[in-house]
$ cat start35.cif   # mmCIF, C-alpha atoms and all ligand atoms
data_data
#
loop_
_atom_site.group_PDB
_atom_site.id
_atom_site.type_symbol
_atom_site.label_atom_id
_atom_site.label_comp_id
_atom_site.auth_asym_id
_atom_site.auth_seq_id
_atom_site.Cartn_x
_atom_site.Cartn_y
_atom_site.Cartn_z
ATOM 1 C CA MET A 1 110.279 297.278 182.483
ATOM 2 C CA THR A 2 111.370 298.194 186.008
ATOM 3 C CA THR A 3 114.218 295.695 185.862
ATOM 4 C CA MET A 4 115.592 297.128 182.594
ATOM 5 C CA SER A 5 115.603 300.729 183.750
ATOM 6 C CA SER A 6 117.435 299.866 186.980
ATOM 7 C CA ALA A 7 120.011 297.803 185.079
ATOM 8 C CA GLU A 8 120.960 300.614 182.693
ATOM 9 C CA PRO A 9 122.596 302.963 185.186
ATOM 10 C CA THR A 10 124.708 300.049 186.400
ATOM 11 C CA ARG A 11 126.088 299.412 182.924
ATOM 12 C CA ARG A 12 126.740 303.096 182.485
ATOM 13 C CA ASP A 13 128.535 303.252 185.850
ATOM 14 C CA PHE A 14 130.761 300.421 184.745
ATOM 15 C CA LEU A 15 131.680 302.258 181.573
ATOM 16 C CA TYR A 16 132.633 305.352 183.555
ATOM 17 C CA ILE A 17 134.795 303.290 185.890
ATOM 18 C CA ALA A 18 136.471 301.430 183.019
ATOM 19 C CA THR A 19 137.236 304.716 181.256
ATOM 20 C CA GLY A 20 138.723 306.113 184.447
ATOM 21 C CA VAL A 21 141.082 303.172 184.812
ATOM 22 C CA VAL A 22 142.306 303.453 181.226
ATOM 23 C CA GLY A 23 142.935 307.157 181.802
ATOM 24 C CA ALA A 24 145.041 306.502 184.896
ATOM 25 C CA VAL A 25 147.118 303.839 183.144
ATOM 26 C CA GLY A 26 147.663 306.171 180.190
ATOM 27 C CA ALA A 27 148.948 308.940 182.480
ATOM 28 C CA ALA A 28 151.398 306.597 184.213
ATOM 29 C CA ALA A 29 152.638 305.225 180.891
ATOM 30 C CA ALA A 30 153.272 308.769 179.649
ATOM 31 C CA VAL A 31 155.789 309.416 182.424
ATOM 32 C CA TRP A 32 157.898 306.345 181.702
ATOM 33 C CA PRO A 33 159.054 307.160 178.151
ATOM 34 C CA LEU A 34 160.229 310.575 179.374
ATOM 35 C CA ILE A 35 162.344 308.917 182.025
ATOM 36 C CA ALA A 36 163.512 306.072 179.809
ATOM 37 C CA GLN A 37 164.750 308.273 176.986
ATOM 38 C CA MET A 38 167.278 309.980 179.220
ATOM 39 C CA ASN A 39 168.909 306.856 180.497
ATOM 40 C CA PRO A 40 171.734 304.754 179.114
ATOM 41 C CA ASP A 41 170.783 301.368 177.739
ATOM 42 C CA ALA A 42 169.769 298.580 180.086
ATOM 43 C CA SER A 43 173.094 296.739 180.145
ATOM 44 C CA THR A 44 174.993 299.947 181.007
ATOM 45 C CA ILE A 45 172.584 300.706 183.844
ATOM 46 C CA ALA A 46 172.874 297.159 185.133
ATOM 47 C CA ALA A 47 176.645 297.649 185.230
ATOM 48 C CA GLY A 48 176.087 300.544 187.646
ATOM 49 C CA ALA A 49 176.088 303.641 185.438
ATOM 50 C CA PRO A 50 174.501 306.768 186.886
ATOM 51 C CA ILE A 51 171.026 307.592 185.613
ATOM 52 C CA GLU A 52 169.476 311.002 185.090
ATOM 53 C CA VAL A 53 165.846 311.637 185.897
ATOM 54 C CA ASP A 54 163.849 314.636 184.737
ATOM 55 C CA LEU A 55 161.636 315.672 187.631
ATOM 56 C CA ALA A 56 159.448 318.084 185.656
ATOM 57 C CA PRO A 57 156.728 315.533 184.744
ATOM 58 C CA ILE A 58 156.283 314.424 188.374
ATOM 59 C CA ALA A 59 153.257 316.202 189.829
ATOM 60 C CA GLU A 60 153.164 317.464 193.399
ATOM 61 C CA GLY A 61 151.931 314.630 195.590
ATOM 62 C CA GLN A 62 153.152 311.967 193.146
ATOM 63 C CA VAL A 63 155.777 309.310 193.796
ATOM 64 C CA ILE A 64 157.519 307.555 190.911
ATOM 65 C CA LYS A 65 159.810 304.553 190.925
ATOM 66 C CA VAL A 66 162.920 304.175 188.817
ATOM 67 C CA VAL A 67 165.478 301.393 188.884
ATOM 68 C CA TRP A 68 169.144 302.008 189.622
ATOM 69 C CA ARG A 69 171.642 299.165 190.033
ATOM 70 C CA GLY A 70 168.721 296.777 190.184
ATOM 71 C CA ASN A 71 167.201 298.607 193.154
ATOM 72 C CA PRO A 72 163.890 300.439 193.210
ATOM 73 C CA ILE A 73 164.357 304.159 193.826
ATOM 74 C CA PHE A 74 161.407 306.225 194.996
ATOM 75 C CA ILE A 75 161.242 309.859 193.944
ATOM 76 C CA SER A 76 158.558 311.718 195.855
ATOM 77 C CA HIS A 77 157.404 315.226 194.976
ATOM 78 C CA ARG A 78 156.218 316.182 198.433
ATOM 79 C CA THR A 79 153.433 318.596 199.214
ATOM 80 C CA GLN A 80 153.961 321.455 201.656
ATOM 81 C CA LYS A 81 151.848 319.538 204.173
ATOM 82 C CA GLU A 82 154.081 316.457 203.873
ATOM 83 C CA ILE A 83 157.207 318.557 204.401
ATOM 84 C CA GLU A 84 155.681 320.252 207.431
ATOM 85 C CA GLU A 85 154.631 316.918 208.936
ATOM 86 C CA ALA A 86 158.155 315.571 208.487
ATOM 87 C CA ARG A 87 159.634 318.636 210.219
ATOM 88 C CA ALA A 88 157.169 318.839 213.092
ATOM 89 C CA VAL A 89 158.586 315.664 214.648
ATOM 90 C CA ASP A 90 160.858 315.611 217.704
ATOM 91 C CA VAL A 91 163.932 314.091 216.062
ATOM 92 C CA GLY A 92 165.190 312.684 219.380
ATOM 93 C CA SER A 93 162.080 310.536 219.706
ATOM 94 C CA LEU A 94 162.709 308.705 216.417
ATOM 95 C CA PRO A 95 164.012 305.109 216.328
ATOM 96 C CA ASP A 96 166.681 306.213 213.816
ATOM 97 C CA PRO A 97 167.100 309.935 214.606
ATOM 98 C CA GLN A 98 167.600 312.060 211.508
ATOM 99 C CA SER A 99 166.104 315.442 210.699
ATOM 100 C CA ASP A 100 164.149 315.847 207.490
ATOM 101 C CA GLN A 101 166.709 318.445 206.399
ATOM 102 C CA GLN A 102 169.433 315.788 206.577
ATOM 103 C CA ARG A 103 167.470 313.616 204.157
ATOM 104 C CA VAL A 104 166.892 316.086 201.322
ATOM 105 C CA LYS A 105 169.083 318.467 199.340
ATOM 106 C CA GLN A 106 169.062 322.051 200.584
ATOM 107 C CA GLY A 107 166.810 324.242 198.452
ATOM 108 C CA HIS A 108 165.049 321.192 197.010
ATOM 109 C CA ASP A 109 163.006 320.323 200.090
ATOM 110 C CA GLN A 110 160.037 319.068 198.078
ATOM 111 C CA TRP A 111 162.077 316.212 196.558
ATOM 112 C CA LEU A 112 162.612 313.063 198.582
ATOM 113 C CA VAL A 113 164.764 310.387 196.909
ATOM 114 C CA LEU A 114 164.976 306.996 198.609
ATOM 115 C CA VAL A 115 166.064 303.433 198.048
ATOM 116 C CA GLY A 116 162.682 301.689 198.140
ATOM 117 C CA ILE A 117 163.771 298.655 200.139
ATOM 118 C CA CYS A 118 162.463 298.032 203.644
ATOM 119 C CA THR A 119 165.296 297.919 206.164
ATOM 120 C CA HIS A 120 163.703 294.967 207.946
ATOM 121 C CA LEU A 121 163.917 292.086 205.476
ATOM 122 C CA GLY A 122 163.990 293.791 202.109
ATOM 123 C CA CYS A 123 160.426 294.046 200.820
ATOM 124 C CA VAL A 124 159.472 296.990 198.644
ATOM 125 C CA PRO A 125 157.186 299.301 200.649
ATOM 126 C CA LEU A 126 153.961 300.809 199.333
ATOM 127 C CA THR A 127 154.025 304.558 198.747
ATOM 128 C CA ARG A 128 151.817 307.189 200.396
ATOM 129 C CA GLN A 129 150.406 304.671 202.814
ATOM 130 C CA GLY A 130 150.631 303.645 206.437
ATOM 131 C CA ASP A 131 150.003 305.469 209.711
ATOM 132 C CA TYR A 132 152.207 308.401 208.669
ATOM 133 C CA ASN A 133 151.025 308.598 205.054
ATOM 134 C CA GLY A 134 154.574 308.017 203.886
ATOM 135 C CA PHE A 135 155.631 304.472 203.056
ATOM 136 C CA PHE A 136 154.237 301.233 204.408
ATOM 137 C CA CYS A 137 155.824 297.810 204.245
ATOM 138 C CA PRO A 138 153.039 295.223 204.376
ATOM 139 C CA CYS A 139 155.403 292.266 204.871
ATOM 140 C CA HIS A 140 155.601 292.737 208.639
ATOM 141 C CA GLY A 141 154.016 296.147 209.159
ATOM 142 C CA SER A 142 156.696 298.841 209.116
ATOM 143 C CA HIS A 143 155.441 302.412 208.857
ATOM 144 C CA TYR A 144 157.723 305.118 207.446
ATOM 145 C CA ASP A 145 156.888 308.827 207.465
ATOM 146 C CA THR A 146 156.949 311.453 204.704
ATOM 147 C CA SER A 147 160.717 311.663 205.131
ATOM 148 C CA GLY A 148 161.097 307.882 204.770
ATOM 149 C CA ARG A 149 162.029 307.527 208.446
ATOM 150 C CA ILE A 150 160.946 304.449 210.365
ATOM 151 C CA ARG A 151 158.267 305.354 212.889
ATOM 152 C CA ARG A 152 156.575 302.069 213.827
ATOM 153 C CA GLY A 153 157.167 298.375 213.180
ATOM 154 C CA PRO A 154 160.120 295.991 213.095
ATOM 155 C CA ALA A 155 162.352 297.840 210.596
ATOM 156 C CA PRO A 156 165.494 299.025 212.429
ATOM 157 C CA ALA A 157 166.448 301.972 210.244
ATOM 158 C CA ASN A 158 165.174 304.688 207.914
ATOM 159 C CA LEU A 159 164.824 304.002 204.204
ATOM 160 C CA PRO A 160 168.326 304.605 202.776
ATOM 161 C CA LEU A 161 169.220 307.558 200.583
ATOM 162 C CA PRO A 162 170.968 306.733 197.306
ATOM 163 C CA PRO A 163 173.870 308.924 196.192
ATOM 164 C CA TYR A 164 172.416 311.637 193.953
ATOM 165 C CA GLU A 165 172.785 315.274 193.033
ATOM 166 C CA PHE A 166 170.841 317.965 191.225
ATOM 167 C CA VAL A 167 172.354 318.632 187.823
ATOM 168 C CA ALA A 168 169.648 321.209 186.981
ATOM 169 C CA ASP A 169 166.748 322.689 188.876
ATOM 170 C CA SER A 170 164.477 319.830 187.913
ATOM 171 C CA LYS A 171 166.900 317.077 187.028
ATOM 172 C CA ILE A 172 168.863 314.687 189.236
ATOM 173 C CA ARG A 173 171.638 312.241 188.585
ATOM 174 C CA ILE A 174 171.507 309.092 190.697
ATOM 175 C CA GLY A 175 174.773 307.257 191.200
HETATM 176 S S1 LIG B 201 160.389 293.399 205.294
HETATM 177 FE FE1 LIG B 201 159.354 295.256 205.688
HETATM 178 S S2 LIG B 201 158.473 294.963 207.621
HETATM 179 FE FE2 LIG B 201 159.578 293.124 207.288
#

$ encode --input "start35.cif" --output "structure tokens"
Amino acid sequence: MTTMSSAEPTRRDFLYIATGVVGAVGAAAAVWPLIAQMNPDASTIAAGAPIEVDLAPIAEGQVIKVVWRGNPIFISHRTQKEIEEARAVDVGSLPDPQSDQQRVKQGHDQWLVLVGICTHLGCVPLTRQGDYNGFFCPCHGSHYDTSGRIRRGPAPANLPLPPYEFVADSKIRIG
């Protein structure tokens, strides 16, 4: 009797966890069709065509990945705290000195758009991780900040910025 009653909450806990995972996957899947429908077909993109990305579905604090010319592109909707952290740094002390303002478009400071390829040996970094809560490359331990600038580890340079522009208040064209 005792064994049964202690087993039941465990099964229930599992169900809650499983439901939570399905919910998270569903939310991520919902973003992709919105992005996909605005892009040219795959062969045109592979040939280097610009892609347009609607930023409206990207929640504050969320980072999405899109692919442009075969490269992963990170689009981060930064929080006020992340912007402030990026701007509180002494630029001269950085391995690859660049102000946060140089890495975003004026008036769109919350949007950080990066090529998601580590400048050390080309791994794809993890987002919102590492010592600076920006990007972390687990291959050899490079830590990038909330502006995508290298702060610690073997990578020699900041995460690159792809060519892009705002074509509307919440839409960019990459390429
Ligand atoms: S490839 Fe990223 S740290 Fe080496």

$ residues_around --input "start35.cif" --residues "Leu114 in chain A" --least-positions-apart "6" --cutoff "6 Å" --atoms "only C-alpha atoms" --output "PDB file with C-alpha atoms, in the coordinates of the input"
ATOM      1  CA  ILE A  73     164.357 304.159 193.826  1.00  0.00           C
ATOM      2  CA  PHE A  74     161.407 306.225 194.996  1.00  0.00           C
ATOM      3  CA  PRO A 160     168.326 304.605 202.776  1.00  0.00           C
ATOM      4  CA  LEU A 161     169.220 307.558 200.583  1.00  0.00           C
TER       5      LEU A 161
END

$ closest_residue --input "start35.cif" --among "A:Pro154, A:Gly116, A:Pro163, A:Gly92" --to "ligand LIG 201 (chain B)" --atoms "all atoms listed in the file"
A:Pro154

$ closest_atom_pairs --input "start35.cif" --of "chain A" --to "ligand LIG 201 (chain B)" --cutoff "9 Å" --atoms "only C-alpha atoms and all ligand atoms" --output "JSON lines"
{"residue": "A:Ile117", "atom": "CA", "partner": "B:LIG201", "partner_atom": "FE1", "distance": 7.9}
{"residue": "A:Cys118", "atom": "CA", "partner": "B:LIG201", "partner_atom": "FE1", "distance": 4.6}
{"residue": "A:Thr119", "atom": "CA", "partner": "B:LIG201", "partner_atom": "FE1", "distance": 6.5}
{"residue": "A:His120", "atom": "CA", "partner": "B:LIG201", "partner_atom": "S1", "distance": 4.5}
{"residue": "A:Leu121", "atom": "CA", "partner": "B:LIG201", "partner_atom": "S1", "distance": 3.8}
{"residue": "A:Gly122", "atom": "CA", "partner": "B:LIG201", "partner_atom": "S1", "distance": 4.8}
{"residue": "A:Cys123", "atom": "CA", "partner": "B:LIG201", "partner_atom": "S1", "distance": 4.5}
{"residue": "A:Val124", "atom": "CA", "partner": "B:LIG201", "partner_atom": "FE1", "distance": 7.3}
{"residue": "A:Pro125", "atom": "CA", "partner": "B:LIG201", "partner_atom": "FE1", "distance": 6.8}
{"residue": "A:Phe136", "atom": "CA", "partner": "B:LIG201", "partner_atom": "FE1", "distance": 8.0}
{"residue": "A:Cys137", "atom": "CA", "partner": "B:LIG201", "partner_atom": "FE1", "distance": 4.6}
{"residue": "A:Pro138", "atom": "CA", "partner": "B:LIG201", "partner_atom": "S2", "distance": 6.3}
{"residue": "A:Cys139", "atom": "CA", "partner": "B:LIG201", "partner_atom": "FE2", "distance": 4.9}
{"residue": "A:His140", "atom": "CA", "partner": "B:LIG201", "partner_atom": "S2", "distance": 3.8}
{"residue": "A:Gly141", "atom": "CA", "partner": "B:LIG201", "partner_atom": "S2", "distance": 4.9}
{"residue": "A:Ser142", "atom": "CA", "partner": "B:LIG201", "partner_atom": "S2", "distance": 4.5}
{"residue": "A:His143", "atom": "CA", "partner": "B:LIG201", "partner_atom": "S2", "distance": 8.1}
{"residue": "A:Gly153", "atom": "CA", "partner": "B:LIG201", "partner_atom": "S2", "distance": 6.7}
{"residue": "A:Pro154", "atom": "CA", "partner": "B:LIG201", "partner_atom": "S2", "distance": 5.8}
{"residue": "A:Ala155", "atom": "CA", "partner": "B:LIG201", "partner_atom": "S2", "distance": 5.7}

$ resolve_selection --input "start35.cif" --expression "the PyMOL selection byres (((chain A and resi 151) around 9) and not hetatm)" --output "ChimeraX atom specification"
/A:94-96,131-132,142-145,148-150,152-153,155,158

$ atom_distance --input "start35.cif" --atom1 "CA of Ala59 in chain A" --atom2 "CA of Ser76 in chain A"
9.2 Å

$ residues_around --input "start35.cif" --residues "Ser43 in chain A" --least-positions-apart "5" --cutoff "12 Å" --atoms "all atoms listed in the file" --output "list in words"
Gly48, Ala49, Trp68, Arg69 and Gly70 of chain A

$ closest_residue --input "start35.cif" --among "A:Ile51, A:Arg78, A:Gln98, A:Pro162" --to "Val63 in chain A" --atoms "only C-alpha atoms"
A:Arg78

$ decode --input "start35.cif" --residues "range 28-172 of chain A" --atoms "C-alpha atoms" --output "tab-separated table (two decimals), in the first residue's frame"
chain	number	residue	atom	x	y	z
A	28	ALA	CA	9.83	26.35	-31.46
A	29	ALA	CA	8.17	24.66	-34.43
A	30	ALA	CA	5.64	27.50	-34.65
A	31	VAL	CA	8.38	30.05	-35.29
A	32	TRP	CA	9.94	28.16	-38.19
A	33	PRO	CA	7.01	28.19	-40.64
A	34	LEU	CA	6.73	31.96	-40.18
A	35	ILE	CA	10.36	32.37	-41.13
A	36	ALA	CA	10.29	29.77	-43.89
A	37	GLN	CA	7.31	31.23	-45.71
A	38	MET	CA	9.10	34.50	-46.35
A	39	ASN	CA	12.17	33.01	-47.91
A	40	PRO	CA	12.95	32.03	-51.48
A	41	ASP	CA	13.16	28.33	-52.19
A	42	ALA	CA	16.11	26.32	-50.93
A	43	SER	CA	18.09	26.25	-54.17
A	44	THR	CA	17.84	30.05	-54.55
A	45	ILE	CA	19.03	30.56	-50.98
A	46	ALA	CA	21.89	28.14	-51.51
A	47	ALA	CA	22.92	30.23	-54.52
A	48	GLY	CA	23.32	33.21	-52.17
A	49	ALA	CA	20.02	35.08	-52.43
A	50	PRO	CA	19.19	37.48	-49.61
A	51	ILE	CA	16.66	36.23	-47.08
A	52	GLU	CA	14.10	38.24	-45.15
A	53	VAL	CA	13.31	37.44	-41.55
A	54	ASP	CA	10.28	38.70	-39.65
A	55	LEU	CA	11.45	39.55	-36.15
A	56	ALA	CA	7.98	39.97	-34.63
A	57	PRO	CA	7.62	36.34	-33.42
A	58	ILE	CA	10.98	36.41	-31.61
A	59	ALA	CA	10.36	37.05	-27.91
A	60	GLU	CA	12.63	39.24	-25.82
A	61	GLY	CA	15.41	37.04	-24.46
A	62	GLN	CA	15.08	34.54	-27.33
A	63	VAL	CA	17.72	33.68	-29.91
A	64	ILE	CA	16.76	32.03	-33.19
A	65	LYS	CA	18.94	30.52	-35.88
A	66	VAL	CA	18.38	30.87	-39.59
A	67	VAL	CA	20.59	29.68	-42.43
A	68	TRP	CA	22.04	32.04	-45.01
A	69	ARG	CA	24.54	30.89	-47.64
A	70	GLY	CA	24.90	27.66	-45.72
A	71	ASN	CA	25.96	29.50	-42.56
A	72	PRO	CA	24.08	29.61	-39.28
A	73	ILE	CA	22.93	33.13	-38.43
A	74	PHE	CA	21.96	33.95	-34.87
A	75	ILE	CA	19.30	36.58	-34.30
A	76	SER	CA	19.11	37.59	-30.66
A	77	HIS	CA	16.34	39.73	-29.21
A	78	ARG	CA	18.33	41.15	-26.33
A	79	THR	CA	16.92	42.21	-23.00
A	80	GLN	CA	17.70	45.63	-21.56
A	81	LYS	CA	20.02	43.93	-19.07
A	82	GLU	CA	21.97	42.22	-21.88
A	83	ILE	CA	22.36	45.52	-23.73
A	84	GLU	CA	23.54	47.27	-20.57
A	85	GLU	CA	26.05	44.51	-19.82
A	86	ALA	CA	27.44	44.77	-23.34
A	87	ARG	CA	27.84	48.55	-22.99
A	88	ALA	CA	29.32	48.59	-19.50
A	89	VAL	CA	32.57	47.06	-20.76
A	90	ASP	CA	35.81	49.01	-21.24
A	91	VAL	CA	36.16	48.54	-24.99
A	92	GLY	CA	39.95	49.00	-24.83
A	93	SER	CA	40.28	45.95	-22.61
A	94	LEU	CA	38.67	43.61	-25.16
A	95	PRO	CA	40.75	41.14	-27.22
A	96	ASP	CA	39.00	42.41	-30.38
A	97	PRO	CA	37.98	45.97	-29.41
A	98	GLN	CA	34.58	46.95	-30.76
A	99	SER	CA	31.81	48.87	-29.03
A	100	ASP	CA	28.38	47.30	-28.80
A	101	GLN	CA	27.04	50.24	-30.81
A	102	GLN	CA	29.32	49.26	-33.70
A	103	ARG	CA	27.78	45.79	-33.75
A	104	VAL	CA	24.09	46.68	-33.98
A	105	LYS	CA	22.01	48.98	-36.16
A	106	GLN	CA	21.28	52.38	-34.64
A	107	GLY	CA	17.77	52.54	-33.19
A	108	HIS	CA	17.52	48.74	-33.17
A	109	ASP	CA	19.81	48.13	-30.21
A	110	GLN	CA	17.84	45.12	-28.98
A	111	TRP	CA	18.62	43.12	-32.15
A	112	LEU	CA	21.97	41.38	-32.44
A	113	VAL	CA	22.57	39.53	-35.73
A	114	LEU	CA	25.66	37.34	-35.96
A	115	VAL	CA	27.27	34.65	-38.05
A	116	GLY	CA	27.13	31.74	-35.60
A	117	ILE	CA	30.57	30.33	-36.34
A	118	CYS	CA	33.32	30.38	-33.73
A	119	THR	CA	36.33	32.35	-34.95
A	120	HIS	CA	38.71	29.77	-33.52
A	121	LEU	CA	38.15	26.64	-35.60
A	122	GLY	CA	34.60	27.00	-36.83
A	123	CYS	CA	32.30	25.23	-34.37
A	124	VAL	CA	28.80	26.56	-33.85
A	125	PRO	CA	28.60	28.16	-30.39
A	126	LEU	CA	25.79	27.58	-27.91
A	127	THR	CA	23.51	30.55	-27.29
A	128	ARG	CA	22.90	32.33	-23.98
A	129	GLN	CA	25.65	30.40	-22.28
A	130	GLY	CA	29.17	30.82	-21.01
A	131	ASP	CA	30.77	33.15	-18.46
A	132	TYR	CA	29.19	36.23	-20.07
A	133	ASN	CA	25.77	34.69	-20.74
A	134	GLY	CA	26.21	35.37	-24.43
A	135	PHE	CA	27.58	32.60	-26.62
A	136	PHE	CA	29.81	29.72	-25.63
A	137	CYS	CA	31.83	27.49	-27.91
A	138	PRO	CA	32.32	24.15	-26.16
A	139	CYS	CA	34.89	22.87	-28.67
A	140	HIS	CA	37.81	24.58	-26.93
A	141	GLY	CA	36.08	26.92	-24.48
A	142	SER	CA	35.59	30.33	-26.07
A	143	HIS	CA	33.26	32.69	-24.23
A	144	TYR	CA	31.51	35.49	-26.13
A	145	ASP	CA	29.47	38.24	-24.48
A	146	THR	CA	25.97	39.56	-25.17
A	147	SER	CA	27.40	41.52	-28.09
A	148	GLY	CA	29.05	38.40	-29.54
A	149	ARG	CA	32.52	39.72	-28.67
A	150	ILE	CA	35.23	37.29	-27.63
A	151	ARG	CA	36.02	37.71	-23.95
A	152	ARG	CA	37.84	34.52	-22.91
A	153	GLY	CA	39.28	31.48	-24.66
A	154	PRO	CA	41.29	30.74	-27.79
A	155	ALA	CA	39.06	32.45	-30.39
A	156	PRO	CA	40.97	35.42	-31.87
A	157	ALA	CA	38.06	37.59	-32.96
A	158	ASN	CA	34.44	38.54	-32.30
A	159	LEU	CA	31.64	36.60	-33.94
A	160	PRO	CA	31.28	38.17	-37.41
A	161	LEU	CA	28.34	40.31	-38.46
A	162	PRO	CA	26.61	39.31	-41.70
A	163	PRO	CA	25.55	42.05	-44.11
A	164	TYR	CA	21.95	42.96	-43.26
A	165	GLU	CA	19.56	45.86	-43.08
A	166	PHE	CA	16.17	46.67	-41.62
A	167	VAL	CA	13.55	46.78	-44.34
A	168	ALA	CA	10.76	47.48	-41.80
A	169	ASP	CA	10.68	48.07	-38.08
A	170	SER	CA	10.56	44.37	-37.35
A	171	LYS	CA	11.93	42.83	-40.52
A	172	ILE	CA	15.51	42.41	-41.73
